[in-house]
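File shown here: structure.txt, holding compact mmCIF, C-alpha atoms.
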```txt
# COMPACT_ATOMS: atom_id res chain seq x y z
CA MET A 1 42.77 36.04 -53.61
CA ALA A 2 41.62 32.38 -53.74
CA SER A 3 43.83 29.85 -52.00
CA ARG A 4 45.15 26.83 -53.76
CA PRO A 5 44.40 23.26 -52.66
CA PRO A 6 46.96 21.47 -50.47
CA GLU A 7 49.91 19.91 -52.26
CA TRP A 8 51.98 16.83 -51.43
CA GLY A 9 55.11 17.61 -49.51
CA LEU A 10 58.39 15.74 -49.40
CA ASN A 11 57.31 13.54 -46.51
CA GLY A 12 54.24 12.24 -48.36
CA LEU A 13 51.75 14.35 -46.39
CA TYR A 14 49.67 17.25 -47.46
CA ALA A 15 51.56 20.43 -47.09
CA LEU A 16 49.74 23.63 -46.28
CA VAL A 17 50.05 26.10 -49.06
CA VAL A 18 49.90 29.52 -47.52
CA PRO A 19 47.90 31.95 -49.62
CA GLU A 20 49.84 34.78 -51.02
CA GLY A 21 49.91 37.74 -48.66
CA LEU A 22 49.16 35.50 -45.53
CA SER A 23 52.02 34.64 -43.20
CA ALA A 24 52.50 31.26 -41.55
CA VAL A 25 51.76 32.78 -38.13
CA GLU A 26 48.46 34.17 -39.32
CA ALA A 27 47.55 30.85 -40.89
CA GLY A 28 48.36 28.98 -37.65
CA LYS A 29 46.26 31.44 -35.70
CA GLY A 30 43.33 30.90 -38.06
CA LEU A 31 43.57 27.13 -37.68
CA ALA A 32 43.68 27.45 -33.89
CA GLU A 33 40.62 29.64 -33.91
CA HIS A 34 38.83 27.17 -36.16
CA ALA A 35 39.75 24.25 -33.88
CA GLU A 36 38.64 26.23 -30.85
CA ALA A 37 35.31 27.00 -32.51
CA ASP A 38 34.82 23.29 -33.34
CA GLU A 39 35.57 22.33 -29.76
CA GLU A 40 33.15 24.95 -28.45
CA ALA A 41 30.41 23.68 -30.79
CA ARG A 42 31.09 20.12 -29.63
CA GLU A 43 30.83 21.18 -26.00
CA LYS A 44 27.54 22.91 -26.69
CA ARG A 45 26.16 19.80 -28.40
CA LEU A 46 27.18 17.61 -25.46
CA ASN A 47 25.78 20.04 -22.91
CA ARG A 48 22.55 20.27 -24.89
CA THR A 49 22.32 16.46 -24.98
CA VAL A 50 22.83 16.24 -21.21
CA SER A 51 20.26 18.98 -20.64
CA ILE A 52 17.70 17.18 -22.81
CA PHE A 53 18.34 13.92 -20.93
CA GLU A 54 17.98 15.70 -17.58
CA ALA A 55 14.75 17.35 -18.72
CA ALA A 56 13.34 14.00 -19.88
CA LEU A 57 14.42 12.44 -16.57
CA LEU A 58 12.65 15.19 -14.64
CA ALA A 59 9.47 14.78 -16.70
CA VAL A 60 9.31 11.01 -16.20
CA VAL A 61 10.06 11.28 -12.49
CA ALA A 62 7.45 14.01 -12.00
CA VAL A 63 4.72 11.81 -13.50
CA LEU A 64 5.77 8.73 -11.53
CA ALA A 65 6.10 10.70 -8.29
CA ALA A 66 2.59 12.09 -8.75
CA TRP A 67 1.20 8.57 -9.29
CA SER A 68 3.15 7.15 -6.35
CA GLY A 69 1.95 9.94 -4.07
CA TYR A 70 -1.65 9.39 -5.14
CA ALA A 71 -1.40 5.64 -4.57
CA ALA A 72 0.15 6.16 -1.12
CA ALA A 73 -2.64 8.55 -0.12
CA LYS A 74 -5.35 6.23 -1.51
CA PHE A 75 -4.03 3.17 0.34
CA SER A 76 -3.65 5.24 3.50
CA THR A 77 -7.30 6.32 3.27
CA ASP A 78 -8.44 2.76 2.58
CA SER A 79 -6.40 1.54 5.56
CA SER A 80 -8.03 4.09 7.86
CA LEU A 81 -11.52 3.13 6.65
CA ASP A 82 -10.83 -0.59 7.01
CA LEU A 83 -9.51 -0.16 10.55
CA ALA A 84 -12.50 2.02 11.45
CA ARG A 85 -14.87 -0.67 10.13
CA ALA A 86 -12.97 -3.32 12.06
CA SER A 87 -13.32 -1.32 15.26
CA ALA A 88 -17.05 -0.80 14.68
CA ASP A 89 -17.59 -4.50 13.87
CA ARG A 90 -15.68 -5.53 16.99
CA ALA A 91 -17.80 -3.22 19.13
CA GLN A 92 -21.00 -4.65 17.64
CA ALA A 93 -19.70 -8.20 18.20
CA ASN A 94 -19.00 -7.42 21.85
CA ALA A 95 -22.50 -5.98 22.21
CA ALA A 96 -24.00 -9.11 20.64
CA ASN A 97 -21.97 -11.32 22.97
CA LEU A 98 -23.18 -9.30 25.94
CA ASP A 99 -26.79 -9.69 24.78
CA ALA A 100 -26.29 -13.43 24.45
CA LEU A 101 -24.79 -13.62 27.93
CA ASN A 102 -27.63 -11.60 29.44
CA SER A 103 -30.18 -13.81 27.69
CA LEU A 104 -28.45 -16.94 28.95
CA ASN A 105 -28.34 -15.60 32.51
CA PHE A 106 -32.05 -14.80 32.37
CA ASP A 107 -32.90 -18.26 31.04
CA LEU A 108 -30.77 -19.92 33.73
CA ALA A 109 -32.39 -17.80 36.44
CA THR A 110 -35.90 -18.76 35.33
CA PHE A 111 -34.89 -22.41 35.09
CA ASN A 112 -33.47 -22.31 38.58
CA ASP A 113 -36.78 -20.91 39.80
CA TRP A 114 -38.62 -23.73 38.02
CA PHE A 115 -36.26 -26.39 39.38
CA THR A 116 -36.58 -25.07 42.91
CA ALA A 117 -40.37 -25.29 42.60
CA TYR A 118 -40.05 -28.75 41.03
CA VAL A 119 -38.02 -30.06 43.95
CA ALA A 120 -40.59 -28.56 46.33
CA HIS A 121 -43.43 -30.12 44.31
CA ASP A 122 -44.90 -26.62 43.98
CA THR A 123 -46.79 -26.90 40.71
CA SER A 124 -48.18 -23.38 40.98
CA SER A 125 -44.66 -21.87 41.19
CA MET A 126 -43.52 -24.18 38.42
CA ALA A 127 -46.25 -22.82 36.15
CA ILE A 128 -45.33 -19.25 37.01
CA ALA A 129 -41.66 -19.94 36.24
CA GLU A 130 -42.55 -21.56 32.92
CA LYS A 131 -44.49 -18.47 31.89
CA ARG A 132 -41.29 -16.47 32.29
CA PHE A 133 -39.38 -18.69 29.84
CA THR A 134 -38.27 -17.01 26.64
CA PRO A 135 -39.61 -18.63 23.45
CA ASN A 136 -36.14 -19.90 22.62
CA PHE A 137 -35.64 -21.43 26.06
CA ASP A 138 -39.20 -22.78 26.22
CA ARG A 139 -38.62 -24.72 22.98
CA ALA A 140 -35.44 -26.25 24.39
CA PHE A 141 -37.16 -26.91 27.75
CA ARG A 142 -39.97 -28.90 26.11
CA ALA A 143 -37.42 -30.95 24.17
CA TRP A 144 -35.44 -31.55 27.36
CA GLU A 145 -38.58 -32.66 29.23
CA ALA A 146 -39.24 -35.16 26.44
CA THR A 147 -35.97 -36.92 27.31
CA ASP A 148 -37.47 -37.75 30.75
CA PRO A 149 -34.51 -36.37 32.70
CA ALA A 150 -35.97 -37.48 36.04
CA VAL A 151 -35.31 -41.15 35.22
CA ASN A 152 -33.06 -41.06 32.14
CA PRO A 153 -29.39 -41.00 33.18
CA HIS A 154 -28.35 -40.11 29.61
CA ALA A 155 -30.51 -37.00 29.43
CA PRO A 156 -28.68 -33.68 28.99
CA PRO A 157 -28.00 -31.73 32.23
CA GLY A 158 -30.42 -28.97 31.29
CA PRO A 159 -32.35 -27.25 28.50
CA THR A 160 -29.41 -25.06 27.54
CA TYR A 161 -27.54 -28.22 26.47
CA MET A 162 -30.21 -29.14 23.98
CA PRO A 163 -29.64 -28.49 20.26
CA GLN A 164 -32.98 -26.67 20.24
CA TYR A 165 -31.50 -23.97 22.47
CA ARG A 166 -30.06 -21.38 20.12
CA GLN A 167 -28.62 -17.97 20.75
CA PRO A 168 -28.76 -15.91 17.55
CA GLN A 169 -26.74 -13.17 19.28
CA LYS A 170 -23.77 -15.51 19.57
CA VAL A 171 -24.03 -16.38 15.88
CA GLN A 172 -24.21 -12.68 15.04
CA ALA A 173 -21.22 -11.99 17.28
CA ALA A 174 -19.18 -14.70 15.54
CA VAL A 175 -20.03 -13.26 12.13
CA LEU A 176 -19.14 -9.73 13.25
CA ASN A 177 -15.88 -10.90 14.81
CA ALA A 178 -14.92 -12.64 11.58
CA LYS A 179 -15.78 -9.50 9.60
CA ALA A 180 -13.79 -7.36 12.03
CA THR A 181 -10.76 -9.62 11.63
CA ALA A 182 -11.03 -9.45 7.85
CA ASP A 183 -11.36 -5.66 7.92
CA TYR A 184 -8.38 -5.36 10.26
CA ASN A 185 -6.23 -7.56 8.03
CA ALA A 186 -7.27 -5.52 4.98
CA GLY A 187 -6.44 -2.29 6.80
CA GLU A 188 -3.05 -3.63 7.84
CA LYS A 189 -2.31 -4.69 4.27
CA ASP A 190 -3.42 -1.32 2.86
CA GLY A 191 -1.20 0.42 5.41
CA ALA A 192 1.79 -1.66 4.31
CA ASN A 193 1.04 -0.81 0.66
CA SER A 194 0.85 2.88 1.54
CA ASP A 195 4.23 2.69 3.28
CA SER A 196 5.69 0.98 0.21
CA TYR A 197 4.46 3.76 -2.09
CA VAL A 198 5.79 6.41 0.29
CA ARG A 199 9.19 4.73 0.18
CA THR A 200 9.09 4.70 -3.63
CA THR A 201 8.10 8.37 -3.61
CA VAL A 202 11.21 9.11 -1.55
CA TYR A 203 13.32 7.34 -4.19
CA LEU A 204 11.71 9.44 -6.91
CA ALA A 205 12.26 12.62 -4.90
CA THR A 206 15.95 11.68 -4.71
CA VAL A 207 16.05 11.39 -8.50
CA LEU A 208 14.40 14.81 -8.80
CA PHE A 209 17.04 16.26 -6.51
CA LEU A 210 19.94 14.71 -8.44
CA ALA A 211 18.56 15.74 -11.83
CA GLY A 212 17.79 19.23 -10.61
CA ILE A 213 21.15 19.88 -8.97
CA GLY A 214 23.07 18.42 -11.90
CA SER A 215 22.17 21.34 -14.15
CA HIS A 216 24.03 23.71 -11.81
CA PHE A 217 27.39 22.06 -12.49
CA THR A 218 29.52 23.20 -15.41
CA TYR A 219 31.78 20.17 -15.19
CA ARG A 220 30.09 17.73 -17.49
CA ASN A 221 31.43 14.54 -15.87
CA ILE A 222 29.68 15.48 -12.63
CA ARG A 223 26.44 15.90 -14.55
CA TYR A 224 27.01 12.51 -16.19
CA GLY A 225 27.56 10.93 -12.79
CA LEU A 226 24.49 12.50 -11.21
CA ALA A 227 22.32 11.59 -14.20
CA GLY A 228 23.62 8.01 -14.09
CA VAL A 229 22.92 7.59 -10.38
CA GLY A 230 19.49 9.17 -10.84
CA SER A 231 18.72 6.81 -13.72
CA ALA A 232 19.70 3.78 -11.62
CA ILE A 233 17.46 4.89 -8.74
CA LEU A 234 14.66 5.61 -11.23
CA LEU A 235 14.95 2.08 -12.61
CA VAL A 236 14.60 0.66 -9.09
CA ALA A 237 11.56 2.87 -8.48
CA ILE A 238 9.94 1.77 -11.75
CA ILE A 239 10.43 -1.90 -10.81
CA LEU A 240 8.88 -1.28 -7.39
CA LEU A 241 5.92 0.56 -8.92
CA ALA A 242 5.37 -2.19 -11.46
CA ALA A 243 5.38 -4.88 -8.76
CA ALA A 244 3.28 -2.94 -6.23
CA PRO A 245 -0.49 -3.54 -5.95
CA LYS A 246 -2.58 -0.85 -7.60
CA PRO A 247 -5.20 1.17 -5.72
CA VAL A 248 -8.81 0.52 -6.60
```

Would you mind writing the file's structure down as structure tokens?
Amino acid sequence: MASRPPEWGLNGLYALVVPEGLSAVEAGKGLAEHAEADEEAREKRLNRTVSIFEAALLAVVAVLAAWSGYAAAKFSTDSSLDLARASADRAQANAANLDALNSLNFDLATFNDWFTAYVAHDTSSMAIAEKRFTPNFDRAFRAWEATDPAVNPHAPPGPTYMPQYRQPQKVQAAVLNAKATADYNAGEKDGANSDSYVRTTVYLATVLFLAGIGSHFTYRNIRYGLAGVGSAILLVAIILLAAAPKPV
């Protein structure tokens, strides 16, 4: 039998008109069941919303964590290569410096032989010593002789003090040392960038943990709290990733 619409009661409110054949107890039970069903549907909607948010959070964090891990590995590799190049450049610079020192010692030894013969007025020994001069030293020696050092008090002390005396090994060593310093600084910077990305990856891993463990709680407020903390940490991680230098 169809029920009638509610009617106004004495107190001005709708009064429930109980259908014929249905007791007040049965009607109250039906309303309670209906209210319980509405509450259950509401709970399901809220839980579904939280689950969707957690799933979206996990997806975003997974992508960012993959990128952060890649960037950390790339900068770490670049740092290792830069430091290796710096070490190789430094070794080559030391070798060039040693060559320059050996060349200088040889030139000084031959000049000492020449000067000893000069003091002894031994022209034959002087000629032999001059034949042993390296082309670089011989050029500087001729320029030094032109200053008449025997009578000129302002003449340089020796050929090695002349601008014509050049040691290309020393120039090469200086260039290699500068390159080694630049490579070392680049490697140090790349290492710091790698450490920064590793730190950000740890933040993102924390978000993954919070979002993953939140789904195991039935108490929704705990899930809200974990999702909120995870979102805050994710925001910090995003800011760090945006400000960090990008790998080439």

Between atom CA of A:Gln167 and atom CA of A:Ala86, what is the distance in Å, rounded to a tenth?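 If I compute the distance from atom CA of A:Gln167 to atom CA of A:Ala86, I get 23.1 Å.
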
Using all atoms listed in the file, which protein or nucleic acid residues come within 6 Å of stretch 153-162 of chain A? Drop anything in the same chain fewer than 4 positions from it, and give the result as a list in words. Ala140, Phe141, Trp144, Thr147 and Pro149 of chain A

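The coordinates place atom CA of A:Lys189 at 16.8 Å from atom CA of A:Ser68.
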
By how many Å are atom CA of A:Tyr224 and atom CA of A:Trp67 apart? 27.0 Å

Within 12 Å of stretch 210-215 of chain A, counting all atoms listed in the file, which residues show up once you throw out same-chain ones fewer than 5 positions away? Write them as a compact mmCIF listing (two decimals) with C-alpha atoms, in the frame of the given file, please.
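Everything below was put into part24.txt:
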```
# COMPACT_ATOMS: atom_id res chain seq x y z
CA ASN A 47 25.78 20.04 -22.91
CA ARG A 48 22.55 20.27 -24.89
CA THR A 49 22.32 16.46 -24.98
CA VAL A 50 22.83 16.24 -21.21
CA SER A 51 20.26 18.98 -20.64
CA ILE A 52 17.70 17.18 -22.81
CA PHE A 53 18.34 13.92 -20.93
CA GLU A 54 17.98 15.70 -17.58
CA ALA A 55 14.75 17.35 -18.72
CA ALA A 56 13.34 14.00 -19.88
CA LEU A 57 14.42 12.44 -16.57
CA LEU A 58 12.65 15.19 -14.64
CA ALA A 59 9.47 14.78 -16.70
CA VAL A 60 9.31 11.01 -16.20
CA VAL A 61 10.06 11.28 -12.49
CA ALA A 62 7.45 14.01 -12.00
CA TYR A 203 13.32 7.34 -4.19
CA LEU A 204 11.71 9.44 -6.91
CA ALA A 205 12.26 12.62 -4.90
CA ARG A 220 30.09 17.73 -17.49
CA ASN A 221 31.43 14.54 -15.87
CA ILE A 222 29.68 15.48 -12.63
CA ARG A 223 26.44 15.90 -14.55
CA TYR A 224 27.01 12.51 -16.19
CA GLY A 225 27.56 10.93 -12.79
CA LEU A 226 24.49 12.50 -11.21
CA ALA A 227 22.32 11.59 -14.20
CA GLY A 228 23.62 8.01 -14.09
CA VAL A 229 22.92 7.59 -10.38
CA GLY A 230 19.49 9.17 -10.84
CA SER A 231 18.72 6.81 -13.72
CA ALA A 232 19.70 3.78 -11.62
CA ILE A 233 17.46 4.89 -8.74
CA LEU A 234 14.66 5.61 -11.23
```

Complete stretch 110-130 of chain A at the level of N, CA and C atoms, written as a short mmCIF file (atom, residue, chain, number, x, y, z; two decimals), in the frame of the given file.
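Generated output (part_12.cif):
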```
data_model
loop_
_atom_site.label_atom_id
_atom_site.label_comp_id
_atom_site.auth_asym_id
_atom_site.auth_seq_id
_atom_site.Cartn_x
_atom_site.Cartn_y
_atom_site.Cartn_z
N THR A 110 -34.52 -18.25 35.35
CA THR A 110 -35.90 -18.76 35.33
C THR A 110 -35.93 -20.28 35.49
N PHE A 111 -34.94 -20.95 34.93
CA PHE A 111 -34.89 -22.41 35.09
C PHE A 111 -34.60 -22.79 36.54
N ASN A 112 -33.74 -22.04 37.17
CA ASN A 112 -33.47 -22.31 38.58
C ASN A 112 -34.73 -22.14 39.43
N ASP A 113 -35.51 -21.09 39.09
CA ASP A 113 -36.78 -20.91 39.80
C ASP A 113 -37.70 -22.10 39.57
N TRP A 114 -37.77 -22.57 38.33
CA TRP A 114 -38.62 -23.73 38.02
C TRP A 114 -38.13 -24.96 38.75
N PHE A 115 -36.80 -25.18 38.75
CA PHE A 115 -36.26 -26.39 39.38
C PHE A 115 -36.45 -26.37 40.88
N THR A 116 -36.32 -25.18 41.47
CA THR A 116 -36.58 -25.07 42.91
C THR A 116 -38.02 -25.44 43.23
N ALA A 117 -38.95 -24.95 42.41
CA ALA A 117 -40.37 -25.29 42.60
C ALA A 117 -40.62 -26.76 42.32
N TYR A 118 -39.89 -27.34 41.37
CA TYR A 118 -40.05 -28.75 41.03
C TYR A 118 -39.62 -29.63 42.20
N VAL A 119 -38.50 -29.28 42.80
CA VAL A 119 -38.02 -30.06 43.95
C VAL A 119 -38.99 -29.95 45.11
N ALA A 120 -39.62 -28.78 45.24
CA ALA A 120 -40.59 -28.56 46.33
C ALA A 120 -41.97 -29.07 45.97
N HIS A 121 -42.13 -29.62 44.78
CA HIS A 121 -43.43 -30.12 44.31
C HIS A 121 -44.48 -29.02 44.33
N ASP A 122 -44.00 -27.79 44.00
CA ASP A 122 -44.90 -26.62 43.98
C ASP A 122 -45.29 -26.37 42.53
N THR A 123 -46.37 -27.00 42.10
CA THR A 123 -46.79 -26.90 40.71
C THR A 123 -47.20 -25.49 40.33
N SER A 124 -47.77 -24.75 41.27
CA SER A 124 -48.18 -23.38 40.98
C SER A 124 -46.96 -22.52 40.66
N SER A 125 -45.90 -22.64 41.45
CA SER A 125 -44.66 -21.87 41.19
C SER A 125 -43.98 -22.35 39.91
N MET A 126 -44.10 -23.65 39.66
CA MET A 126 -43.52 -24.18 38.42
C MET A 126 -44.20 -23.55 37.22
N ALA A 127 -45.50 -23.42 37.27
CA ALA A 127 -46.25 -22.82 36.15
C ALA A 127 -45.89 -21.35 35.97
N ILE A 128 -45.70 -20.65 37.09
CA ILE A 128 -45.33 -19.25 37.01
C ILE A 128 -43.94 -19.11 36.38
N ALA A 129 -43.02 -19.98 36.78
CA ALA A 129 -41.66 -19.94 36.24
C ALA A 129 -41.67 -20.23 34.74
N GLU A 130 -42.49 -21.19 34.34
CA GLU A 130 -42.55 -21.56 32.92
C GLU A 130 -43.09 -20.41 32.07
#
```
